[in-house]
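Visitor: Mind looking over this structure? Questions follow.
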Amino acid sequence: MTRQMTGAKMVVQALKDQGVDTVFGYPGGAVLPIYDEIFLQNDIRHYLVRHEQGAVHAAEGYARSTGKPGVVLVTSGPGATNAVTGLTDALMDSIPIVVLTGQVPTFLIGTDGFQEADTVGITRPCTKHNWLVKDPEDLSGRIHQAFHVATNGRPGPVLVDIPKDVQFATGTYTPPEKARTLHYQPKTKGDPEAIEALVELIEQAERPIFYTGGGVINSGPEASETLREFVDTSGFPITSTLMGLGAYPANGKNWLGMLGMHGLYEANLAMHGCDLMINVGARFDDRITGRVQDFSPKSQKVHIDIDPSSINKVIHVDLPIVGDVGSVLADALILWKSRGSKTRADSIQKWWYQIKEWKKVDCLAFTQSKKTIKPQHALTRLEALTKDHPKRYICTEVGQHQMWAAQFLGFNEPNRWMTSGGLGTMGYGFPASIGVQVAHPDALVINVAGEASWLMNMQEMGTAVQFRLPVKQFILNNERLGMVRQWQELLHGERYSHSWSEALPDFVKLAEAFGAKGIMISDPADLDDAIMEMLEYDGPVIFDCLVEKHENCFPMIPSGEAHNKMLLGEGAPTQDVIGTSGAVLV
């Protein structure tokens, strides 16, 4: 039996049939018919953001913390263009989101009508796929296709552009089971011969390492469980990209910490010195590889990824395996066990001895002042006071604080860490924390921020207060664009060109102006009490932590250097001093 309904009603019905219960959006003339249908139902809750970029980042936080697609509804023209940064961020980090945009009526397309933009053209480079729907008969099927494309294969953002006259027009509703989706069926099972070759490499390796990325988390909780079993049973060390934190627990015995530009000394040297690298769901981005020609020069490289375009894109690998990482790991684990779970145990023990020697460098060492709060100390105390919370989720903005959070906060479960990796989007963390809190109402959601990044989407404080979302904004305030200032110190002759602001707000008054709680702290002796005050307050909080203004984030691989060329901070073996930071090159 066919069902006739308006295009606007089709949109809402399609969302319901896809299991959607949450939409982040901002209304405008070109989507008012859809908003009218939202008003007439109670199954889907709409969260009114204060900016369309915030809507997409909130949907990213929702998606990253749940594994379900996030949904966004915005109007035409500036509503759509404001969403572009979020779409690009989601594409770079493989986050499944579905963005529905209004468009001028079909008869006005191409006339430069009011609030018209070529949304499909503008967003083609920053979505997995997009559609302009000109016929109401096609609308529901396109929305179901959008969810299928967003969530299958390598996840990512999609967009459906819906003219206003299509929303008013009547057509036939297509249910999900009848929508055309078979044309997009990414390969999920790995090639058996390639998996057997991987097992043989595992059996022969003397200095192996698992190098994992966000693809493990995107694959689902079973993939993380399989990875943990594989690592613990084999005894191999494991490291991770920024996006992969939590797939293997930070308190696991084989964990080396994050690798890359601000990764740990032992993780980077193990990557440089291994003889077998098993890349699971990472894409060899430049923040990991450093100088490509010197990246892990003596290893055999395996790359497991569901996206065939990522294979050999940056680093040539010896054994590519295209498939869902969870499926490939499971098949490899079963085969390896059936062959006796063999490894070169004596050689691996020697490898661990070398790694433990590297760990003695204590690359995250710092000295806490009695007068000012070091950012590392602030995060160490935040970790100590929140790590046992059963439902802790951490978001970040982008900059030094983001790297310190990755270094000093431990993640023992997947989907608990939301950050902008590939695009490095300042302003991501606050709206993302809103999306996480919406998805997990009884969770502790903390956004670790820098004052400069946080100000980029500060208007979302209105969203947090309106919907009574108790998100905690933990701002490490150094009154500087910290990472920019650090690079200017180390690489640009200490010429601090526009890397500070002379007009920062009083964050306590700002919080109170929105109807939230503000806390300001500058004395290290009062830090723990202030953090507990933040945690115990049952509403949104802006926590303004005044920290050392010129602290640098180490370790650091300088741009264009290899993994074994790292700048270290306090306590490092003294060699060539660079700048005035106390950093040394090792």
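Each chain in the structure tokens gets a letter, A, B, ..., in the order shown, and its residues are numbered from 1; ligands are numbered from 1 in order too.
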Under the rule of at most 7 Å, produce a per-residue listing of region 158-197 of chain A near region 92-99 of chain A: chain, number, name, the closest pair of atoms, and the distance in Å, as a tab-separated table, using only C-alpha atoms.
Guide:
```
residue	atom	partner	partner_atom	distance
A:Val158	CA	A:Val98	CA	5.1
A:Leu159	CA	A:Val99	CA	4.7
A:Val160	CA	A:Val99	CA	6.4
```
Visitor: Create the file for the chosen residues now, containing N, CA and C atoms and written as a PDB file, in the first residue's frame.
Guide:
```pdb
ATOM      1  N   VAL A 158      27.139  13.171   4.530  1.00  0.00           N
ATOM      2  CA  VAL A 158      26.380  13.270   3.284  1.00  0.00           C
ATOM      3  C   VAL A 158      25.412  14.446   3.418  1.00  0.00           C
ATOM      4  N   LEU A 159      24.901  14.911   2.298  1.00  0.00           N
ATOM      5  CA  LEU A 159      23.999  16.057   2.320  1.00  0.00           C
ATOM      6  C   LEU A 159      22.875  15.856   1.314  1.00  0.00           C
ATOM      7  N   VAL A 160      21.654  16.214   1.721  1.00  0.00           N
ATOM      8  CA  VAL A 160      20.485  16.184   0.838  1.00  0.00           C
ATOM      9  C   VAL A 160      19.921  17.597   0.786  1.00  0.00           C
TER      10      VAL A 160
END
```
Visitor: Can you pull out every residue from region 239-362 of chain A that DSSP, working from the backbone, puts in alpha helix (DSSP H), and format the result as a PyMOL selection string?
Guide: chain A and resi 265-273+286-289+325-338+345-359
Visitor: Can you tell me which residues surround Glu225 (chain A) at a distance of at most 12 Å, considering only C-alpha atoms, apart from same-chain residues fewer than 5 positions away, and format the answer as JSON, numbers by chain?
Guide: {"A": [216, 217, 219, 220, 230, 231, 232, 246, 247, 248, 249, 325, 326, 327, 329, 330, 333, 412, 413, 414]}
Visitor: What lies within 8 Å of region 442-447 of chain A using only C-alpha atoms, ignoring chain neighbours under 2 positions off, as number ranges by chain?
Guide: A: 389, 391-397, 429-430, 433, 436-437, 440, 449, 470-475
Visitor: Could you name the residues that touch Lys16 (chain A) at 9 Å or less, counting only C-alpha atoms, but leaving out those on the same chain fewer than 5 positions away, as a PyMOL selection string?
Guide: chain A and resi 11+21+43-44
Visitor: Can you check which parts of region 11-68 of chain A lie within 10 Å of region 167-190 of chain A? Per residue, the shortest pair of atoms and distance in Å to one decimal, counting only C-alpha atoms, sorted by chain and number, as JSON lines.
Guide:
```
{"residue": "A:Val11", "atom": "CA", "partner": "A:Gln167", "partner_atom": "CA", "distance": 8.4}
{"residue": "A:Gln13", "atom": "CA", "partner": "A:Tyr173", "partner_atom": "CA", "distance": 8.6}
{"residue": "A:Ala14", "atom": "CA", "partner": "A:Pro175", "partner_atom": "CA", "distance": 7.4}
{"residue": "A:Asp17", "atom": "CA", "partner": "A:Pro176", "partner_atom": "CA", "distance": 7.0}
{"residue": "A:Gln18", "atom": "CA", "partner": "A:Pro176", "partner_atom": "CA", "distance": 7.5}
{"residue": "A:Ala30", "atom": "CA", "partner": "A:Gln167", "partner_atom": "CA", "distance": 9.1}
{"residue": "A:Val31", "atom": "CA", "partner": "A:Gln167", "partner_atom": "CA", "distance": 8.0}
{"residue": "A:Leu32", "atom": "CA", "partner": "A:Gln167", "partner_atom": "CA", "distance": 9.1}
{"residue": "A:Pro33", "atom": "CA", "partner": "A:Gln167", "partner_atom": "CA", "distance": 6.3}
{"residue": "A:Ile34", "atom": "CA", "partner": "A:Gln167", "partner_atom": "CA", "distance": 7.1}
```
Visitor: For the interface of region 154-224 of chain A with region 271-275 of chain A (cut-off 9 Å, counting only C-alpha atoms), please tabulate each contacting residue of region 154-224 of chain A alongside its nearest pair of atoms and their separation in Å to one decimal, rows sorted by chain and increasing number, as CSV.
Guide:
```
residue,atom,partner,partner_atom,distance
A:Ala205,CA,A:Asp275,CA,6.7
A:Glu206,CA,A:Asp275,CA,6.7
A:Arg207,CA,A:Cys274,CA,4.8
A:Pro208,CA,A:Cys274,CA,5.6
A:Ile209,CA,A:Cys274,CA,6.6
A:Tyr211,CA,A:Met271,CA,8.2
```
Visitor: Quick one: of A:Asn552, A:Thr367, A:Ser224, A:Thr233, who's nearest to Trp404 (chain A), counting only C-alpha atoms?
Guide: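 Closest to Trp404 (chain A), using only C-alpha atoms: A:Asn552.
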Visitor: What is the distance, in Å and to one decimal place, between CA of Gly153 (chain A) and CA of Gln402 (chain A)?
Guide: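 Spanning CA of Gly153 (chain A) to CA of Gln402 (chain A) is a straight-line distance of 28.3 Å.
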Visitor: Which of these residues is nearest to Lys370 (chain A), using only C-alpha atoms: A:Ile519, A:Val547, A:Leu385, A:Val23?
Guide: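 Among the listed residues, the smallest separation from Lys370 (chain A) belongs to A:Val547.
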Visitor: For CA of Val74 (chain A) and CA of Leu132 (chain A), determine how far apart the two atoms are, in Å to one decimal place.
Guide: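 These two atoms are separated by 14.6 Å.
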Visitor: What gap, in Å, lies between CA of Leu469 (chain A) and CA of Leu15 (chain A)?
Guide: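 Result for CA of Leu469 (chain A) versus CA of Leu15 (chain A): 23.7 Å, one decimal.
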Visitor: From a DSSP pass on the backbone, collect the residues of region 480-528 of chain A flagged as strand (DSSP E or B) and hand them back as a PyMOL selection string.
Guide: chain A and resi 480+500+517-521
Visitor: If we count only C-alpha atoms and set the cut-off at 8 Å, which residues sit around Gly79 (chain A), ignoring sequence neighbours fewer than 5 positions away in its own chain? Please answer as a PyMOL selection string.
Guide: chain A and resi 26+28+52+74+101
Visitor: Next, dump the selected residues to file, keeping only C-alpha atoms, as a tab-separated table (two decimals), in the first residue's frame.
Guide:
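Full text of out11.tsv as output:
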```tsv
chain	number	residue	atom	x	y	z
A	26	TYR	CA	18.60	26.22	12.87
A	28	GLY	CA	15.07	29.56	8.04
A	52	GLU	CA	25.00	26.11	11.79
A	74	VAL	CA	19.63	23.94	8.22
A	101	THR	CA	19.51	21.66	3.74
```
Visitor: Looking at only C-alpha atoms, which of A:Ala282, A:Ile238, A:Ala384, A:Val71 is the one that sits closest to Ile531 (chain A)?
Guide: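 With only C-alpha atoms as the atom set, the closest residue is A:Ala384.
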Visitor: Determine, counting only C-alpha atoms, which protein, DNA and RNA residues have an atom within 7 Å of an atom of Val133 (chain A); residues of the same chain fewer than 4 positions away are not included. Present the result as an MDAnalysis selection string.
Guide: chainID A and resid 138:139 161:162
Visitor: Which residue, A:Lys68, A:Arg485, A:Lys371, A:Lys387, has the smallest gap to Ile521 (chain A) when you use only C-alpha atoms?
Guide: A:Lys371
